[in-house]
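Visitor: Quick one, structure.txt (compact mmCIF, C-alpha atoms and all ligand atoms):
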```
# COMPACT_ATOMS: atom_id res chain seq x y z
CA MET M 25 4.75 5.17 26.00
CA ASN M 26 6.62 8.10 24.44
CA VAL M 27 5.48 9.94 21.32
CA GLU M 28 7.79 7.98 19.04
CA GLU M 29 6.46 4.70 20.35
CA MET M 30 2.87 5.88 20.03
CA LEU M 31 3.38 6.90 16.41
CA SER M 32 5.15 3.64 15.56
CA GLU M 33 2.32 1.72 17.12
CA ILE M 34 -0.24 3.68 15.09
CA SER M 35 1.76 3.09 11.88
CA LEU M 36 1.93 -0.60 12.58
CA GLU M 37 -1.81 -0.80 13.19
CA VAL M 38 -2.49 1.16 9.99
CA SER M 39 -0.32 -1.23 7.96
CA SER M 40 -2.46 -4.19 8.86
CA CYS M 41 -5.81 -2.41 9.24
CA THR M 42 -8.94 -4.15 7.95
CA LEU M 43 -11.52 -1.84 9.51
CA CYS M 44 -12.98 -0.60 6.22
CA GLU M 45 -13.38 -1.65 2.59
CA LEU M 46 -10.35 0.24 1.42
CA HIS M 47 -8.03 -2.44 2.72
CA HIS M 48 -9.22 -4.88 0.02
CA SER M 49 -7.78 -2.86 -2.84
CA ARG M 50 -4.73 -1.27 -1.25
CA LYS M 51 -1.19 -2.36 -1.99
CA ASN M 52 0.34 -0.42 0.89
CA ALA M 53 -1.36 1.53 3.63
CA VAL M 54 0.10 5.02 4.11
CA PRO M 55 0.27 5.98 7.77
CA GLY M 56 2.13 9.26 7.27
CA GLU M 57 5.62 10.43 8.14
CA GLY M 58 7.61 13.23 9.70
CA PRO M 59 9.29 14.31 12.91
CA VAL M 60 7.49 13.25 16.06
CA ASN M 61 7.79 16.75 17.49
CA SER M 62 6.71 18.55 14.33
CA GLU M 63 5.16 21.97 14.97
CA ILE M 64 3.16 21.72 11.82
CA MET M 65 1.10 18.90 10.39
CA PHE M 66 -0.23 18.67 6.83
CA ILE M 67 -3.31 16.56 6.30
CA GLY M 68 -4.23 15.56 2.74
CA GLU M 69 -7.15 13.53 1.52
CA GLY M 70 -5.91 10.02 0.89
CA PRO M 71 -3.17 8.10 -0.89
CA GLY M 72 -3.15 8.12 -4.70
CA PHE M 73 -1.46 5.71 -7.10
CA HIS M 74 2.15 6.43 -6.17
CA GLU M 75 1.49 6.62 -2.45
CA ASN M 76 -0.25 3.24 -2.62
CA GLU M 77 2.77 1.81 -4.42
CA GLN M 78 5.32 3.20 -1.98
CA GLY M 79 3.46 3.39 1.34
CA ARG M 80 4.48 7.04 1.73
CA PRO M 81 2.34 10.19 1.59
CA PHE M 82 2.59 12.80 -1.17
CA VAL M 83 5.22 11.17 -3.34
CA GLY M 84 3.52 11.77 -6.71
CA ALA M 85 2.97 14.99 -8.67
CA ALA M 86 0.99 16.66 -5.86
CA GLY M 87 3.80 15.73 -3.47
CA LYS M 88 6.40 17.31 -5.72
CA PHE M 89 4.37 20.51 -5.75
CA LEU M 90 3.93 20.33 -1.97
CA GLU M 91 7.72 20.10 -1.64
CA GLU M 92 8.09 23.15 -3.88
CA LEU M 93 5.61 25.10 -1.77
CA LEU M 94 7.44 24.11 1.39
CA SER M 95 10.82 25.09 -0.01
CA LYS M 96 9.50 28.57 -0.85
CA ILE M 97 8.92 29.11 2.85
CA GLY M 98 12.23 27.59 3.86
CA LEU M 99 10.94 24.16 4.87
CA LYS M 100 11.73 20.65 3.69
CA ARG M 101 9.29 17.78 3.78
CA GLU M 102 11.46 16.19 6.48
CA ASP M 103 10.67 19.17 8.74
CA VAL M 104 6.93 18.56 8.82
CA PHE M 105 4.55 15.74 9.54
CA ILE M 106 2.51 14.73 6.49
CA THR M 107 -0.47 12.43 6.58
CA ASN M 108 -3.96 11.94 5.16
CA VAL M 109 -7.59 11.71 6.25
CA VAL M 110 -7.76 8.10 5.04
CA LYS M 111 -4.69 5.92 5.06
CA CYS M 112 -5.55 3.61 2.16
CA ARG M 113 -6.08 4.55 -1.47
CA PRO M 114 -9.72 4.78 -2.50
CA PRO M 115 -10.14 2.73 -5.71
CA LYS M 116 -9.64 4.88 -8.83
CA ASN M 117 -9.05 7.82 -6.50
CA ARG M 118 -12.76 8.12 -5.73
CA ASP M 119 -13.82 10.32 -2.82
CA PRO M 120 -13.47 8.65 0.55
CA GLN M 121 -16.89 7.67 1.89
CA PRO M 122 -18.22 9.13 5.15
CA GLU M 123 -17.91 5.80 7.01
CA GLU M 124 -14.31 5.38 5.81
CA VAL M 125 -13.45 8.90 6.93
CA GLU M 126 -15.15 8.40 10.28
CA THR M 127 -13.48 5.06 11.02
CA CYS M 128 -10.02 6.04 9.85
CA THR M 129 -9.89 9.41 11.58
CA LYS M 130 -11.30 8.16 14.88
CA THR M 131 -8.93 5.21 14.89
CA TYR M 132 -5.74 6.79 13.56
CA LEU M 133 -5.65 10.48 12.63
CA ASP M 134 -7.03 11.70 15.97
CA ARG M 135 -4.36 9.70 17.79
CA GLN M 136 -1.62 11.02 15.50
CA ILE M 137 -2.70 14.59 16.20
CA GLN M 138 -2.85 13.92 19.90
CA ALA M 139 0.60 12.33 19.94
CA ILE M 140 2.34 14.98 17.82
CA ASN M 141 0.38 17.86 19.30
CA PRO M 142 1.28 20.24 16.44
CA LYS M 143 0.93 23.99 16.86
CA VAL M 144 -0.56 24.31 13.42
CA ILE M 145 -2.57 21.93 11.26
CA VAL M 146 -2.76 22.68 7.56
CA THR M 147 -5.66 20.97 5.86
CA LEU M 148 -5.12 20.25 2.18
CA GLY M 149 -8.43 19.99 0.36
CA ARG M 150 -12.03 19.89 1.50
CA PHE M 151 -12.16 16.43 3.12
CA SER M 152 -9.42 17.35 5.51
CA MET M 153 -10.86 20.84 6.06
CA ASN M 154 -14.30 19.43 6.83
CA LEU M 155 -12.94 17.42 9.73
CA PHE M 156 -12.21 20.67 11.54
CA ILE M 157 -14.38 23.27 9.83
CA PRO M 158 -17.62 21.74 8.59
CA ASN M 159 -20.14 23.41 6.28
CA VAL M 160 -17.85 25.95 4.68
CA LYS M 161 -16.63 26.40 1.14
CA ILE M 162 -12.91 26.17 0.60
CA SER M 163 -13.07 29.09 -1.84
CA ASN M 164 -14.33 31.28 1.04
CA VAL M 165 -12.05 30.14 3.83
CA HIS M 166 -8.72 29.07 2.32
CA GLY M 167 -5.79 30.79 4.00
CA LYS M 168 -7.95 31.93 6.92
CA PRO M 169 -6.79 30.33 10.16
CA VAL M 170 -9.33 29.20 12.70
CA GLN M 171 -8.82 28.05 16.22
CA VAL M 172 -10.23 24.58 16.82
CA LYS M 173 -9.89 23.06 20.27
CA GLY M 174 -7.06 25.43 21.09
CA ARG M 175 -5.14 24.59 17.96
CA LEU M 176 -4.63 26.65 14.83
CA VAL M 177 -6.12 25.07 11.71
CA VAL M 178 -5.29 26.61 8.34
CA PRO M 179 -7.45 25.42 5.46
CA MET M 180 -5.77 25.35 2.06
CA TYR M 181 -6.53 24.08 -1.39
CA HIS M 182 -5.20 20.65 -2.21
CA PRO M 183 -1.93 20.91 -4.22
CA ALA M 184 -3.46 18.58 -6.83
CA ALA M 185 -6.27 21.10 -7.35
CA ALA M 186 -3.67 23.75 -8.18
CA LEU M 187 -2.01 21.36 -10.62
CA HIS M 188 -5.33 20.85 -12.41
CA GLN M 189 -6.43 24.46 -12.26
CA GLY M 190 -3.52 26.80 -12.91
CA SER M 191 -5.30 29.87 -11.50
CA LEU M 192 -5.16 28.28 -8.03
CA ARG M 193 -1.37 28.11 -8.07
CA PRO M 194 -0.73 31.70 -6.92
CA VAL M 195 -3.57 31.31 -4.42
CA ILE M 196 -2.01 28.31 -2.70
CA GLU M 197 1.44 29.92 -2.91
CA ASN M 198 0.12 33.02 -1.12
CA ASP M 199 -1.56 30.88 1.51
CA PHE M 200 1.70 29.03 2.15
CA HIS M 201 3.48 32.32 2.69
CA LEU M 202 1.24 32.92 5.72
CA LEU M 203 2.60 29.87 7.48
CA PRO M 204 5.91 31.05 8.97
CA LYS M 205 4.20 33.87 10.87
CA LEU M 206 1.31 31.66 11.92
CA ILE M 207 3.72 29.08 13.30
CA ALA M 208 5.63 31.79 15.16
CA ASP M 209 2.43 33.34 16.55
CA ALA M 210 0.76 30.04 17.43
CA ASP M 211 2.52 30.19 20.81
CA LYS M 212 0.17 33.01 21.76
CA LEU M 213 -2.84 30.72 21.56
CA PRO M 214 -4.11 28.82 24.57
CA ALA M 215 -2.48 25.40 24.83
CA ALA M 216 -4.04 22.66 22.76
CA ILE M 217 -6.49 20.57 24.71
CA ASP M 218 -7.55 17.43 22.99
CA GLU M 219 -9.83 15.03 24.65
CA GLU M 220 -11.72 17.03 27.18
CA VAL M 221 -13.01 19.72 24.87
CA THR M 222 -16.30 18.78 23.35
CA ASP M 223 -17.58 19.34 19.85
CA GLU M 224 -20.01 21.90 21.20
CA GLN M 225 -17.14 24.32 20.90
CA GLU M 226 -17.54 26.09 17.59
CA PRO M 227 -14.42 26.87 15.62
CA LYS M 228 -13.56 30.51 16.11
CA GLN M 229 -12.39 32.65 13.26
CA LEU M 230 -9.31 34.42 14.49
CA SER M 231 -9.45 38.14 14.16
CA LEU M 232 -5.81 38.72 14.98
CA PHE M 233 -4.54 37.34 11.68
N1 LIG I 301 -3.09 13.34 -2.41
C1 LIG I 301 -3.39 13.24 -1.10
O1 LIG I 301 -4.38 13.76 -0.63
N2 LIG I 301 -2.55 12.56 -0.34
C2 LIG I 301 -1.44 11.99 -0.79
O2 LIG I 301 -0.73 11.39 0.00
C3 LIG I 301 -1.15 12.13 -2.16
C4 LIG I 301 -1.98 12.80 -2.95
```
What do you get writing this file as structure tokens?

Guide:
Amino acid sequence: MNVEEMLSEISLEVSSCTLCELHHSRKNAVPGEGPVNSEIMFIGEGPGFHENEQGRPFVGAAGKFLEELLSKIGLKREDVFITNVVKCRPPKNRDPQPEEVETCTKTYLDRQIQAINPKVIVTLGRFSMNLFIPNVKISNVHGKPVQVKGRLVVPMYHPAAALHQGSLRPVIENDFHLLPKLIADADKLPAAIDEEVTDEQEPKQLSLF
């Protein structure tokens, strides 16, 4: 199966998934979208109202801001793969529960990452960050890349947080400006190895950036 077929299969499975509670209240599941060979992958938290209506990630206010941030670094949303930790909207936008995160990421997100094999993963918000970098505060680590399983992970604030708290706007803008160089330099990292590397491997803070 090629990457395109793998991603289509995952999307199809997501659309009819009943593995957790969230399927009861969703209108549309939101698998994610973007080029199959994307060098960079953005992972948000979970669909909100508009995403649930349309079945597409980041199409509401936070999505508009994400598009603005991307355009400032010369990228369009079509250039990058965008998805979420959980693929169905938590009711009233509540936090996704640990079991929902566990089930959804093990079943879908991990396979999406493996298929796309991006050079750089940008986590948007703490739920996404915690998948790769547990037990840290986003205020301490945002914009600081870490190497996780041979892949560069860049934690960032969620765009919605910057919309609610204006002082975070320049912070997230600055963090986005790091991305072009990180993408260019990511080639210098050891190749990404997915399955064989165990969780014993601690994320390493990169000193070269
Ligand atoms: N917030 C998210 O985390 N994901 C979306 O897709 C939209 C808003």

Visitor: Which residue out of M:Arg80, M:His188, M:Lys51, M:Arg101 has the minimum interatomic distance to ligand LIG 301 (chain I) when all atoms listed in the file are used?

Guide: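 Among the listed residues, M:Arg80 lies closest to ligand LIG 301 (chain I).
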
Visitor: Residues within 10 Å of ligand LIG 301 (chain I), counting all atoms listed in the file: report them as an NGL selection string.

Guide: :M and (54-56 or 66-76 or 79-88 or 90 or 106-113 or 117 or 147-149 or 151-152 or 182-185)

Visitor: State, in Å with one decimal place, the distance from CA of Arg135 (chain M) to CA of Val170 (chain M).

Guide: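 Value for the CA of Arg135 (chain M)-CA of Val170 (chain M) distance: 20.8 Å.
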
Visitor: What is the distance, in Å and to one decimal place, between CA of Cys44 (chain M) and CA of Glu124 (chain M)?

Guide: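 Interatomic distance here is 6.1 Å.
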
Visitor: Would you work out the distance separating CA of Met65 (chain M) from CA of Ser163 (chain M), expressed in Å to one decimal?

Guide: 21.3 Å

Visitor: Given the choices M:Met180, M:Ile145, M:Val60, M:Leu36, which gets closest to Val195 (chain M) if the distance is worked out from all atoms listed in the file?

Guide: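 Closest to Val195 (chain M) of all the choices is M:Met180.
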
Visitor: Using all atoms listed in the file, what table do you get, as a Markdown table, when you list each residue of region 109-164 of chain M with an atom no more than 10 Å from region 207-210 of chain M, its nearest pair of atoms, and their distance in Å rounded to one decimal, rows by chain then rising number?

Guide:
```
| residue | atom | partner | partner_atom | distance |
| --- | --- | --- | --- | --- |
| M:Pro142 | CA | M:Ile207 | CA | 9.7 |
| M:Lys143 | CA | M:Ala210 | CA | 6.1 |
| M:Val144 | CA | M:Ile207 | CA | 6.4 |
| M:Ile145 | CA | M:Ile207 | CA | 9.7 |
```

Visitor: Output, as JSON, the centre and edge lengths in Å (one decimal) of the axis-aligned box that contains all listed atoms of region 63-81 of chain M with 6 Å of margin on each side.

Guide:
```
{"center_x": -0.9, "center_y": 11.9, "center_z": 3.9, "size_x": 24.5, "size_y": 32.2, "size_z": 34.1}
```

Visitor: Go through M:Ile64, M:Gln121, M:Val104, M:Gly190 and flag the residue nearest Leu176 (chain M), using only C-alpha atoms for the distances.

Guide: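 Closest to Leu176 (chain M), using only C-alpha atoms: M:Ile64.
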
Visitor: Residues near Lys96 (chain M), anyone? I mean within 9 Å using all atoms listed in the file, not counting same-chain ones fewer than 3 positions away, as a count of residues only.

Guide: 7

Visitor: Which of these, M:Gln189, M:Pro204, M:Asp211, M:Ser40, has the shortest distance to Ser95 (chain M) once you count all atoms listed in the file?

Guide: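 Counting all atoms listed in the file, the residue closest to Ser95 (chain M) is M:Pro204.
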
Visitor: My list of candidates is M:Thr127, M:Asn159, M:Asn198, M:Ser49. Which is closest to Pro115 (chain M) when distances are computed with all atoms listed in the file?

Guide: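 Of the candidates, the smallest distance to Pro115 (chain M) is held by M:Ser49.
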
Visitor: Between M:Thr131, M:Asp119, M:Glu102, M:Val172, which one has atoms that come closest to Arg150 (chain M), using only C-alpha atoms?

Guide: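 Checking each candidate against Arg150 (chain M), we get M:Asp119 as the closest.
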
Visitor: Using only C-alpha atoms - which residues lie no farther than 10 Å from the point (-0.4, 4.2, 17.0) in the file's frame? Write them as a ChimeraX atom specification.

Guide: /M:27-38,55,131-133,135-136,139

Visitor: Just add N, CA, C and O atoms to region 190-210 of chain M and send it as a tab-separated table (two decimals), keeping the file's coordinate frame.

Guide:
```
chain	number	residue	atom	x	y	z
M	190	GLY	N	-4.70	25.93	-13.04
M	190	GLY	CA	-3.52	26.80	-12.91
M	190	GLY	C	-3.78	28.07	-12.13
M	190	GLY	O	-2.90	28.57	-11.44
M	191	SER	N	-5.02	28.60	-12.19
M	191	SER	CA	-5.30	29.87	-11.50
M	191	SER	C	-5.20	29.72	-9.98
M	191	SER	O	-5.09	30.71	-9.26
M	192	LEU	N	-5.25	28.48	-9.48
M	192	LEU	CA	-5.16	28.28	-8.03
M	192	LEU	C	-3.70	28.28	-7.54
M	192	LEU	O	-3.44	28.38	-6.34
M	193	ARG	N	-2.79	28.20	-8.45
M	193	ARG	CA	-1.37	28.11	-8.07
M	193	ARG	C	-0.92	29.31	-7.24
M	193	ARG	O	-0.41	29.13	-6.12
M	194	PRO	N	-1.13	30.54	-7.75
M	194	PRO	CA	-0.73	31.70	-6.92
M	194	PRO	C	-1.52	31.78	-5.62
M	194	PRO	O	-1.01	32.28	-4.61
M	195	VAL	N	-2.74	31.26	-5.63
M	195	VAL	CA	-3.57	31.31	-4.42
M	195	VAL	C	-2.94	30.43	-3.33
M	195	VAL	O	-2.74	30.87	-2.19
M	196	ILE	N	-2.59	29.23	-3.70
M	196	ILE	CA	-2.01	28.31	-2.70
M	196	ILE	C	-0.61	28.79	-2.30
M	196	ILE	O	-0.20	28.69	-1.13
M	197	GLU	N	0.11	29.38	-3.25
M	197	GLU	CA	1.44	29.92	-2.91
M	197	GLU	C	1.30	31.04	-1.87
M	197	GLU	O	2.04	31.09	-0.89
M	198	ASN	N	0.35	31.93	-2.10
M	198	ASN	CA	0.12	33.02	-1.12
M	198	ASN	C	-0.26	32.46	0.23
M	198	ASN	O	0.21	32.93	1.27
M	199	ASP	N	-1.13	31.46	0.23
M	199	ASP	CA	-1.56	30.88	1.51
M	199	ASP	C	-0.36	30.27	2.25
M	199	ASP	O	-0.24	30.39	3.47
M	200	PHE	N	0.52	29.62	1.51
M	200	PHE	CA	1.70	29.03	2.15
M	200	PHE	C	2.58	30.10	2.79
M	200	PHE	O	3.19	29.87	3.83
M	201	HIS	N	2.63	31.26	2.14
M	201	HIS	CA	3.48	32.32	2.69
M	201	HIS	C	2.99	32.84	4.05
M	201	HIS	O	3.73	33.52	4.75
M	202	LEU	N	1.75	32.52	4.40
M	202	LEU	CA	1.24	32.92	5.72
M	202	LEU	C	1.83	32.05	6.84
M	202	LEU	O	1.83	32.45	8.00
M	203	LEU	N	2.30	30.87	6.45
M	203	LEU	CA	2.60	29.87	7.48
M	203	LEU	C	3.72	30.24	8.46
M	203	LEU	O	3.55	30.05	9.67
M	204	PRO	N	4.85	30.78	7.99
M	204	PRO	CA	5.91	31.05	8.97
M	204	PRO	C	5.44	31.93	10.13
M	204	PRO	O	5.73	31.65	11.30
M	205	LYS	N	4.67	32.97	9.81
M	205	LYS	CA	4.20	33.87	10.87
M	205	LYS	C	3.17	33.16	11.76
M	205	LYS	O	3.16	33.32	12.98
M	206	LEU	N	2.32	32.38	11.13
M	206	LEU	CA	1.31	31.66	11.92
M	206	LEU	C	1.97	30.70	12.90
M	206	LEU	O	1.54	30.57	14.04
M	207	ILE	N	3.02	30.02	12.42
M	207	ILE	CA	3.72	29.08	13.30
M	207	ILE	C	4.35	29.86	14.46
M	207	ILE	O	4.25	29.47	15.62
M	208	ALA	N	4.98	30.98	14.12
M	208	ALA	CA	5.63	31.79	15.16
M	208	ALA	C	4.60	32.31	16.16
M	208	ALA	O	4.83	32.31	17.37
M	209	ASP	N	3.44	32.74	15.67
M	209	ASP	CA	2.43	33.34	16.55
M	209	ASP	C	1.56	32.31	17.28
M	209	ASP	O	0.82	32.67	18.18
M	210	ALA	N	1.64	31.06	16.84
M	210	ALA	CA	0.76	30.04	17.43
M	210	ALA	C	1.01	29.88	18.92
M	210	ALA	O	0.13	29.43	19.67
```
